[in-house]
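Data block for protein_39.txt (compact mmCIF, C-alpha atoms and all ligand atoms):
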# COMPACT_ATOMS: atom_id res chain seq x y z
CA MET A 240 -12.83 -34.68 29.99
CA SER A 241 -14.36 -37.97 31.08
CA GLU A 242 -18.11 -38.53 31.53
CA SER A 243 -17.71 -39.50 35.17
CA ASN A 244 -15.60 -36.49 36.06
CA PRO A 245 -16.82 -33.47 34.09
CA ALA A 246 -14.77 -30.30 34.35
CA PRO A 247 -16.46 -27.52 36.35
CA GLU A 248 -18.58 -25.25 34.12
CA ARG A 249 -16.80 -22.05 33.14
CA PRO A 250 -19.60 -20.06 31.50
CA HIS A 251 -17.37 -17.29 30.19
CA ALA A 252 -14.54 -19.44 28.89
CA PRO A 253 -14.25 -19.45 25.09
CA ARG A 254 -15.97 -22.51 23.67
CA PRO A 255 -14.87 -24.15 20.42
CA LYS A 256 -17.37 -23.54 17.60
CA GLY A 257 -20.12 -26.18 17.48
CA GLU A 258 -19.56 -27.41 21.03
CA PRO A 259 -22.76 -27.35 23.14
CA ARG A 260 -23.04 -24.63 25.77
CA PHE A 261 -24.06 -27.12 28.49
CA PRO A 262 -23.00 -30.64 27.51
CA HIS A 263 -25.10 -32.18 30.28
CA GLY A 264 -27.80 -29.51 30.24
CA PRO A 265 -30.68 -28.25 28.09
CA ALA A 266 -30.33 -28.52 24.31
CA PRO A 267 -30.19 -25.21 22.38
CA ASP A 268 -33.11 -26.01 20.05
CA PRO A 269 -34.61 -29.27 21.32
CA ALA A 270 -37.32 -29.74 18.69
CA GLY A 271 -34.97 -28.54 15.93
CA SER A 272 -36.40 -28.33 12.42
CA HIS A 273 -38.61 -31.36 13.04
CA PHE A 274 -41.58 -29.03 13.36
CA GLU A 275 -42.86 -26.42 10.99
CA ARG A 276 -41.84 -22.81 11.39
CA ARG A 277 -44.67 -20.93 12.99
CA ILE A 278 -45.45 -17.87 15.01
CA ARG A 279 -43.91 -18.26 18.45
CA SER A 280 -45.02 -16.64 21.69
CA PHE A 281 -41.44 -16.08 22.83
CA GLN A 282 -38.45 -14.16 21.61
CA PRO A 283 -35.34 -16.34 21.39
CA ARG A 284 -32.72 -14.56 23.49
CA ARG A 285 -29.26 -15.46 24.58
CA SER A 286 -28.91 -14.21 28.12
CA ARG A 287 -25.99 -14.37 30.46
CA VAL A 288 -25.96 -17.44 32.67
CA THR A 289 -24.34 -16.97 36.08
CA ALA A 290 -21.82 -19.48 37.40
CA GLY A 291 -24.40 -20.71 39.93
CA GLN A 292 -27.06 -21.21 37.24
CA ALA A 293 -24.55 -22.99 34.98
CA ASP A 294 -23.55 -25.28 37.84
CA ALA A 295 -27.21 -26.12 38.56
CA LEU A 296 -27.86 -26.82 34.86
CA GLN A 297 -24.88 -29.13 34.58
CA ARG A 298 -25.54 -31.07 37.77
CA LEU A 299 -29.33 -31.13 38.02
CA TRP A 300 -30.54 -31.21 34.41
CA PRO A 301 -29.97 -34.98 34.04
CA LYS A 302 -32.15 -35.52 37.14
CA TRP A 303 -34.91 -32.91 36.84
CA GLY A 304 -34.71 -31.49 33.32
CA LEU A 305 -36.22 -32.56 30.03
CA ASP A 306 -35.92 -31.25 26.50
CA ILE A 307 -39.10 -30.65 24.53
CA ASP A 308 -38.06 -32.58 21.43
CA GLY A 309 -41.60 -33.48 20.41
CA GLN A 310 -40.49 -37.06 19.79
CA ARG A 311 -42.06 -38.96 22.69
CA THR A 312 -45.09 -39.05 24.93
CA LEU A 313 -44.40 -38.30 28.58
CA ASP A 314 -45.46 -40.65 31.34
CA LEU A 315 -46.07 -38.10 34.10
CA ALA A 316 -46.17 -40.70 36.88
CA GLU A 317 -42.75 -41.93 35.79
CA LEU A 318 -41.43 -38.38 35.43
CA PHE A 319 -42.49 -37.45 38.98
CA GLY A 320 -41.62 -40.81 40.54
CA GLY A 321 -45.20 -41.85 41.35
CA GLU A 322 -48.84 -40.95 40.82
CA ARG A 323 -49.68 -37.41 41.89
CA PRO A 324 -51.61 -34.47 40.48
CA VAL A 325 -49.55 -32.57 37.93
CA VAL A 326 -49.92 -28.92 36.99
CA LEU A 327 -48.22 -27.42 33.95
CA GLU A 328 -46.79 -23.91 34.31
CA ILE A 329 -45.93 -22.17 31.05
CA GLY A 330 -43.32 -19.40 31.18
CA PHE A 331 -41.92 -19.51 34.72
CA GLY A 332 -39.29 -16.83 34.04
CA MET A 333 -36.74 -17.00 36.88
CA GLY A 334 -38.88 -19.50 38.78
CA GLU A 335 -39.17 -17.88 42.22
CA ALA A 336 -42.98 -18.10 42.26
CA THR A 337 -42.84 -21.67 40.92
CA ALA A 338 -40.50 -22.75 43.71
CA GLN A 339 -42.74 -21.09 46.30
CA MET A 340 -45.86 -22.87 44.99
CA ALA A 341 -44.00 -26.20 44.91
CA ALA A 342 -42.95 -25.72 48.54
CA ASP A 343 -46.49 -24.78 49.57
CA ASP A 344 -48.02 -27.85 47.88
CA PRO A 345 -45.48 -30.70 47.96
CA ASP A 346 -48.01 -33.35 46.89
CA THR A 347 -48.56 -31.69 43.52
CA GLY A 348 -46.01 -32.03 40.74
CA ILE A 349 -45.18 -28.88 38.79
CA LEU A 350 -44.05 -29.34 35.22
CA ALA A 351 -42.47 -25.95 34.60
CA VAL A 352 -41.64 -24.98 31.03
CA ASP A 353 -39.65 -22.08 29.62
CA VAL A 354 -37.08 -21.44 26.92
CA HIS A 355 -35.04 -19.11 29.11
CA THR A 356 -31.77 -20.84 30.07
CA PRO A 357 -30.79 -18.63 33.07
CA GLY A 358 -34.29 -19.16 34.50
CA GLN A 359 -34.01 -22.92 34.07
CA GLY A 360 -30.74 -22.90 36.01
CA ASN A 361 -32.20 -20.59 38.64
CA LEU A 362 -35.25 -22.79 39.20
CA LEU A 363 -33.17 -25.97 39.41
CA GLY A 364 -30.95 -24.29 41.99
CA LEU A 365 -33.97 -23.11 44.00
CA ALA A 366 -35.45 -26.62 43.93
CA GLU A 367 -32.23 -28.11 45.25
CA ARG A 368 -31.63 -25.49 47.94
CA ASN A 369 -35.21 -25.81 49.19
CA GLY A 370 -35.33 -29.61 49.02
CA LEU A 371 -38.18 -29.59 46.48
CA GLU A 372 -38.71 -32.94 44.79
CA ASN A 373 -41.90 -31.96 42.95
CA ILE A 374 -40.57 -29.73 40.14
CA ARG A 375 -39.50 -30.83 36.67
CA VAL A 376 -38.06 -28.25 34.29
CA ALA A 377 -38.90 -28.54 30.61
CA ASN A 378 -36.85 -26.69 27.98
CA GLY A 379 -38.53 -25.56 24.78
CA ASP A 380 -41.83 -24.47 23.34
CA ALA A 381 -44.85 -25.27 25.51
CA VAL A 382 -46.97 -25.56 22.36
CA ILE A 383 -44.91 -28.54 21.17
CA LEU A 384 -45.03 -30.03 24.67
CA LEU A 385 -48.84 -29.84 24.70
CA ARG A 386 -49.30 -30.96 21.14
CA GLU A 387 -46.79 -33.80 20.87
CA MET A 388 -45.82 -34.97 24.33
CA LEU A 389 -48.80 -34.84 26.69
CA THR A 390 -51.63 -37.35 26.64
CA PRO A 391 -55.36 -36.48 26.88
CA ALA A 392 -56.66 -35.55 30.33
CA SER A 393 -53.18 -35.82 31.89
CA LEU A 394 -53.04 -32.38 33.59
CA ASP A 395 -54.70 -31.30 36.82
CA GLY A 396 -54.13 -27.64 36.09
CA LEU A 397 -52.48 -25.13 33.79
CA ARG A 398 -50.85 -21.86 34.88
CA VAL A 399 -49.85 -19.05 32.59
CA TYR A 400 -48.62 -16.17 34.72
CA PHE A 401 -47.75 -12.89 33.04
CA PRO A 402 -47.24 -14.24 29.53
CA ASP A 403 -45.37 -11.89 27.20
CA PRO A 404 -47.93 -9.14 26.46
CA TRP A 405 -46.73 -8.38 22.91
CA PRO A 406 -48.22 -4.86 23.10
CA LYS A 407 -47.70 -3.80 19.45
CA ALA A 408 -50.66 -4.55 17.19
CA ARG A 409 -48.49 -6.30 14.63
CA HIS A 410 -47.31 -8.70 17.37
CA HIS A 411 -50.71 -9.58 18.83
CA LYS A 412 -50.63 -12.83 16.88
CA ARG A 413 -47.75 -13.91 19.13
CA ARG A 414 -49.83 -13.77 22.32
CA ILE A 415 -50.12 -17.29 23.69
CA ILE A 416 -53.70 -17.10 24.95
CA GLN A 417 -55.58 -17.49 21.67
CA PRO A 418 -58.41 -19.79 20.52
CA ASP A 419 -55.91 -22.20 18.86
CA PHE A 420 -53.93 -22.51 22.06
CA LEU A 421 -57.08 -23.21 24.06
CA ASP A 422 -58.10 -25.88 21.52
CA LEU A 423 -54.75 -27.53 22.16
CA ALA A 424 -54.76 -27.17 25.94
CA ALA A 425 -58.36 -28.16 26.73
CA PRO A 426 -58.09 -31.89 25.88
CA ARG A 427 -54.87 -32.25 27.94
CA LEU A 428 -56.71 -31.00 31.04
CA LYS A 429 -58.85 -33.27 33.16
CA PRO A 430 -62.48 -32.21 33.31
CA GLY A 431 -62.73 -29.77 36.22
CA ALA A 432 -59.04 -28.80 36.03
CA VAL A 433 -58.43 -25.07 36.17
CA LEU A 434 -56.59 -22.88 33.70
CA HIS A 435 -55.22 -19.94 35.69
CA CYS A 436 -53.93 -16.91 33.80
CA ALA A 437 -52.70 -13.61 35.19
CA THR A 438 -51.58 -10.47 33.43
CA ASP A 439 -50.81 -6.84 34.22
CA TRP A 440 -51.52 -5.74 30.64
CA GLU A 441 -55.13 -4.54 30.52
CA PRO A 442 -55.80 -5.11 26.78
CA TYR A 443 -54.40 -8.63 27.06
CA ALA A 444 -56.57 -9.30 30.12
CA GLU A 445 -59.60 -8.28 28.05
CA GLN A 446 -58.52 -10.54 25.20
CA MET A 447 -58.01 -13.44 27.63
CA LEU A 448 -61.47 -12.92 29.11
CA ASP A 449 -63.04 -12.77 25.63
CA VAL A 450 -61.40 -15.90 24.20
CA LEU A 451 -61.81 -17.96 27.37
CA THR A 452 -65.47 -16.97 27.74
CA ALA A 453 -66.14 -17.86 24.09
CA HIS A 454 -64.41 -21.25 24.26
CA PRO A 455 -66.86 -24.16 24.60
CA GLU A 456 -64.48 -26.28 26.71
CA PHE A 457 -63.89 -23.72 29.45
CA GLU A 458 -66.23 -22.08 31.94
CA ASN A 459 -65.53 -19.16 34.20
CA THR A 460 -65.22 -20.02 37.90
CA GLN A 461 -66.62 -16.54 38.65
CA ALA A 462 -70.42 -16.37 38.75
CA ASP A 463 -70.35 -12.81 37.38
CA GLY A 464 -68.33 -13.92 34.34
CA GLY A 465 -65.45 -11.56 35.13
CA TYR A 466 -61.95 -11.58 36.58
CA ALA A 467 -61.19 -13.58 39.71
CA PRO A 468 -59.83 -12.21 42.98
CA ARG A 469 -56.13 -13.02 43.19
CA PRO A 470 -55.94 -16.51 44.78
CA SER A 471 -53.83 -16.66 47.93
CA PHE A 472 -51.80 -19.56 46.52
CA ARG A 473 -50.32 -17.44 43.69
CA PRO A 474 -47.17 -15.68 44.93
CA LEU A 475 -46.10 -12.33 43.53
CA THR A 476 -44.02 -13.03 40.43
CA ARG A 477 -40.98 -11.10 39.28
CA PHE A 478 -42.70 -9.77 36.17
CA GLU A 479 -45.79 -8.85 38.19
CA GLY A 480 -43.63 -6.83 40.60
CA GLN A 481 -42.20 -4.87 37.67
CA GLY A 482 -45.72 -4.19 36.38
CA LEU A 483 -46.95 -3.04 39.78
CA ASP A 484 -43.98 -0.66 40.04
CA LYS A 485 -45.21 0.92 36.80
CA GLY A 486 -48.72 1.30 38.23
CA HIS A 487 -50.26 -1.55 36.22
CA VAL A 488 -53.38 -3.32 37.45
CA VAL A 489 -53.18 -7.11 37.69
CA HIS A 490 -56.00 -9.42 36.62
CA ASP A 491 -56.37 -13.11 37.42
CA LEU A 492 -58.58 -15.38 35.32
CA LEU A 493 -59.64 -18.81 36.57
CA PHE A 494 -61.47 -20.98 34.06
CA ARG A 495 -62.50 -24.58 34.60
CA ARG A 496 -62.29 -27.25 31.90
CA THR A 497 -65.87 -28.27 31.26
CA PRO A 498 -66.94 -31.92 31.57
CA SER A 499 -65.83 -33.76 28.45
CA GLN A 500 -68.20 -34.47 25.55
CA ASN A 501 -65.90 -37.36 24.69
CA SER A 502 -66.64 -40.37 26.90
CA GLN A 503 -63.07 -41.73 26.43
CA GLU A 504 -61.69 -38.71 28.30
CA ALA A 505 -64.26 -38.53 31.07
C1 LIG B 601 -43.03 -12.09 30.70
S1 LIG B 601 -42.24 -13.53 31.23
C2 LIG B 601 -43.07 -13.91 32.76
C3 LIG B 601 -42.27 -14.84 33.62
C4 LIG B 601 -42.91 -15.21 34.97
N1 LIG B 601 -44.14 -15.96 34.82
C5 LIG B 601 -43.15 -13.98 35.82
O1 LIG B 601 -44.33 -13.62 36.01
O2 LIG B 601 -42.17 -13.39 36.29
C6 LIG B 601 -42.91 -14.75 30.12
C7 LIG B 601 -42.07 -16.02 30.02
O3 LIG B 601 -42.75 -16.96 29.19
C8 LIG B 601 -41.80 -17.66 28.40
N2 LIG B 601 -42.52 -18.20 27.23
C9 LIG B 601 -43.25 -17.51 26.35
N3 LIG B 601 -43.78 -18.33 25.43
C10 LIG B 601 -43.38 -19.59 25.76
C11 LIG B 601 -43.60 -20.87 25.17
N4 LIG B 601 -44.36 -21.02 24.07
N5 LIG B 601 -43.02 -21.93 25.73
C12 LIG B 601 -42.24 -21.78 26.83
N6 LIG B 601 -42.00 -20.61 27.44
C13 LIG B 601 -42.57 -19.51 26.90
C14 LIG B 601 -40.75 -16.60 28.09
O4 LIG B 601 -39.51 -17.18 27.77
C15 LIG B 601 -40.71 -15.81 29.41
O5 LIG B 601 -39.73 -16.32 30.29
Step by step, read the file and then write its structure as C-alpha cells.
Amino acid sequence: MSESNPAPERPHAPRPKGEPRFPHGPAPDPAGSHFERRIRSFQPRRSRVTAGQADALQRLWPKWGLDIDGQRTLDLAELFGGERPVVLEIGFGMGEATAQMAADDPDTGILAVDVHTPGQGNLLGLAERNGLENIRVANGDAVILLREMLTPASLDGLRVYFPDPWPKARHHKRRIIQPDFLDLAAPRLKPGAVLHCATDWEPYAEQMLDVLTAHPEFENTQADGGYAPRPSFRPLTRFEGQGLDKGHVVHDLLFRRTPSQNSQEA
C-alpha cells in the first residue's frame, strides 16, 4: 500500500499483530508511558467503529485531528488557521452536540477532546458533512492536554457536559471535576472565561457546586450561588437524553474564571 493511495479502511478485516488500527488516524495510546500512571476519569474501552467512522478517521484525522502526546505546546491560532476564540470541550462522546454548537457559532473554535475512537470518527464525519471548519478533534487524556500542551490564558471557555458520574463510592476519585482538576484548568482560562459543567447525576452536581464554589479562581455566574438555568446554546446531548429517559434531573453550572492575581496572565 503506498502513502498516496491508501487502501480503503476495512474495519473488520483481520489485522496483523502490532499493526496500527488506523494508520493515518488517532494513535492508540498517544502519551504512552511518558507520563506517570494515575487515576483516570475514563474507562479505556475498545468499541466497534463503523465503516463510516473509520473512513472519516482515515481521511480527516490528518487535517482536523491531533494526538495528545504531551510533547509539545499547541499554538491555537495555527491549529485553527487564524486568531479566534477557542473553547475546550472535554468528553464530547459521539459529538452531536459539539457539531451543533460549532454550527451555531462558526467564529469560535472548538477543541473537542475524547478518548473514544468511534466518537472521534463520528464527530469528524459530522464536521465534514455540515461544512464545519471550526472543530479540531483531540485524542487522549484532557488532563495531559491541559497540563502539558496548553499555554496560560489560552482558552475562552471550558465545557464539561455529562462527565462520567462514577457513582460507586470507591470510584469517586475518578470524577474529573475535583479541586486538582480546577487548579490545572483555571490558569489555562482567560480571566472572565466560563467553565460550563452539566450533569444528570444529583450527587455529582452537588460535588461540582461545592468544589467550584470553594475554588478561589472561579466565581459563580449565578447571584444566588446555585445552579444555572440551562443556557439556550447548549443542545441536548446523547448522554443527557438517556438520563432524562430515566427521570434524572439535569443541572448546569456556569462559573467564571476570576480576574488573575498574576499580572503576567491578565
Ligand atoms: C458520559 S460521556 C458523555 C459524553 C457527551 N458529553 C454526552 O453528554 O453525550 C463522558 C465522555 O467523557 C470522556 N472522558 C472522560 N474523561 C476524559 C478525559 N480525561 N479526557 C478525555 N475524555 C474523557 C469519555 O470517554 C466519554 O466519552
Let me see if you get this right: every residue at most 9 Å from ligand LIG 601 (chain B), counting all atoms listed in the file, written as a short mmCIF file (atom, residue, chain, number, x, y, z; two decimals) with C-alpha atoms, keeping the file's coordinate frame.
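Heads up, here's the output in selection-v1.cif:
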data_model
loop_
_atom_site.label_atom_id
_atom_site.label_comp_id
_atom_site.auth_asym_id
_atom_site.auth_seq_id
_atom_site.Cartn_x
_atom_site.Cartn_y
_atom_site.Cartn_z
CA ARG A 279 -43.91 -18.26 18.45
CA SER A 280 -45.02 -16.64 21.69
CA PHE A 281 -41.44 -16.08 22.83
CA GLN A 282 -38.45 -14.16 21.61
CA PRO A 283 -35.34 -16.34 21.39
CA ARG A 284 -32.72 -14.56 23.49
CA GLU A 328 -46.79 -23.91 34.31
CA ILE A 329 -45.93 -22.17 31.05
CA GLY A 330 -43.32 -19.40 31.18
CA PHE A 331 -41.92 -19.51 34.72
CA GLY A 332 -39.29 -16.83 34.04
CA MET A 333 -36.74 -17.00 36.88
CA GLY A 334 -38.88 -19.50 38.78
CA GLU A 335 -39.17 -17.88 42.22
CA ALA A 336 -42.98 -18.10 42.26
CA THR A 337 -42.84 -21.67 40.92
CA ALA A 351 -42.47 -25.95 34.60
CA VAL A 352 -41.64 -24.98 31.03
CA ASP A 353 -39.65 -22.08 29.62
CA VAL A 354 -37.08 -21.44 26.92
CA HIS A 355 -35.04 -19.11 29.11
CA THR A 356 -31.77 -20.84 30.07
CA GLY A 358 -34.29 -19.16 34.50
CA ALA A 377 -38.90 -28.54 30.61
CA ASN A 378 -36.85 -26.69 27.98
CA GLY A 379 -38.53 -25.56 24.78
CA ASP A 380 -41.83 -24.47 23.34
CA ALA A 381 -44.85 -25.27 25.51
CA VAL A 382 -46.97 -25.56 22.36
CA ILE A 383 -44.91 -28.54 21.17
CA LEU A 384 -45.03 -30.03 24.67
CA ARG A 398 -50.85 -21.86 34.88
CA VAL A 399 -49.85 -19.05 32.59
CA TYR A 400 -48.62 -16.17 34.72
CA PHE A 401 -47.75 -12.89 33.04
CA PRO A 402 -47.24 -14.24 29.53
CA ASP A 403 -45.37 -11.89 27.20
CA PRO A 404 -47.93 -9.14 26.46
CA ARG A 413 -47.75 -13.91 19.13
CA ARG A 414 -49.83 -13.77 22.32
CA ILE A 415 -50.12 -17.29 23.69
CA ALA A 437 -52.70 -13.61 35.19
CA THR A 438 -51.58 -10.47 33.43
CA LEU A 475 -46.10 -12.33 43.53
CA THR A 476 -44.02 -13.03 40.43
CA ARG A 477 -40.98 -11.10 39.28
CA PHE A 478 -42.70 -9.77 36.17
CA GLU A 479 -45.79 -8.85 38.19
CA GLY A 480 -43.63 -6.83 40.60
CA GLN A 481 -42.20 -4.87 37.67
#
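All residues that come within 12 Å of the coordinates (-39.0, -37.5, 39.8), counting all atoms listed in the file, are given as Leu299, Trp300, Pro301, Lys302, Trp303, Gly304, Leu305, Asp314, Leu315, Ala316, Glu317, Leu318, Phe319, Gly320, Gly321, Glu322, Arg323, Val325, Thr347, Gly348, Ile349, Leu350, Leu371, Glu372, Asn373, Ile374, Arg375 and Val376 of chain A.
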Dump as a PDB file, in the frame of the given file, selection limited to C-alpha atoms:
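Writing done, so here's part_38.pdb:
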ATOM      1  CA  LEU A 299     -29.330 -31.130  38.020  1.00  0.00           C
ATOM      2  CA  TRP A 300     -30.540 -31.210  34.410  1.00  0.00           C
ATOM      3  CA  PRO A 301     -29.970 -34.980  34.040  1.00  0.00           C
ATOM      4  CA  LYS A 302     -32.150 -35.520  37.140  1.00  0.00           C
ATOM      5  CA  TRP A 303     -34.910 -32.910  36.840  1.00  0.00           C
ATOM      6  CA  GLY A 304     -34.710 -31.490  33.320  1.00  0.00           C
ATOM      7  CA  LEU A 305     -36.220 -32.560  30.030  1.00  0.00           C
ATOM      8  CA  ASP A 314     -45.460 -40.650  31.340  1.00  0.00           C
ATOM      9  CA  LEU A 315     -46.070 -38.100  34.100  1.00  0.00           C
ATOM     10  CA  ALA A 316     -46.170 -40.700  36.880  1.00  0.00           C
ATOM     11  CA  GLU A 317     -42.750 -41.930  35.790  1.00  0.00           C
ATOM     12  CA  LEU A 318     -41.430 -38.380  35.430  1.00  0.00           C
ATOM     13  CA  PHE A 319     -42.490 -37.450  38.980  1.00  0.00           C
ATOM     14  CA  GLY A 320     -41.620 -40.810  40.540  1.00  0.00           C
ATOM     15  CA  GLY A 321     -45.200 -41.850  41.350  1.00  0.00           C
ATOM     16  CA  GLU A 322     -48.840 -40.950  40.820  1.00  0.00           C
ATOM     17  CA  ARG A 323     -49.680 -37.410  41.890  1.00  0.00           C
ATOM     18  CA  VAL A 325     -49.550 -32.570  37.930  1.00  0.00           C
ATOM     19  CA  THR A 347     -48.560 -31.690  43.520  1.00  0.00           C
ATOM     20  CA  GLY A 348     -46.010 -32.030  40.740  1.00  0.00           C
ATOM     21  CA  ILE A 349     -45.180 -28.880  38.790  1.00  0.00           C
ATOM     22  CA  LEU A 350     -44.050 -29.340  35.220  1.00  0.00           C
ATOM     23  CA  LEU A 371     -38.180 -29.590  46.480  1.00  0.00           C
ATOM     24  CA  GLU A 372     -38.710 -32.940  44.790  1.00  0.00           C
ATOM     25  CA  ASN A 373     -41.900 -31.960  42.950  1.00  0.00           C
ATOM     26  CA  ILE A 374     -40.570 -29.730  40.140  1.00  0.00           C
ATOM     27  CA  ARG A 375     -39.500 -30.830  36.670  1.00  0.00           C
ATOM     28  CA  VAL A 376     -38.060 -28.250  34.290  1.00  0.00           C
TER      29      VAL A 376
END
Item to complete: Using all atoms listed in the file, pick whichever of A:Gly264, A:Pro455, A:Pro324, A:Pro426 has the shortest atom-to-atom distance to Leu389 (chain A).
Response: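 Distance minimum relative to Leu389 (chain A) lands on A:Pro426.
Candidate residues A:Val326, A:Ala453, A:Ala392, A:Cys436 were compared for distance to Leu423 (chain A), and the nearest is A:Ala392, using all atoms listed in the file.
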Worksheet item: What does the distance from CA of Pro470 (chain A) to CA of Asp343 (chain A) come to in Å, to one decimal?
Response: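 So the two atoms, CA of Pro470 (chain A) and CA of Asp343 (chain A), lie 13.4 Å apart.
Using only C-alpha atoms, the smallest distance between any of A:Gln417, A:Asn369, A:Thr452, A:Thr312 and Leu385 (chain A) comes from A:Thr312.
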Fill in: Atomic distance CA of Val433 (chain A) - CA of Asn459 (chain A), expressed in Å with one decimal
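Distance reported for this atom pair: 9.4 Å.
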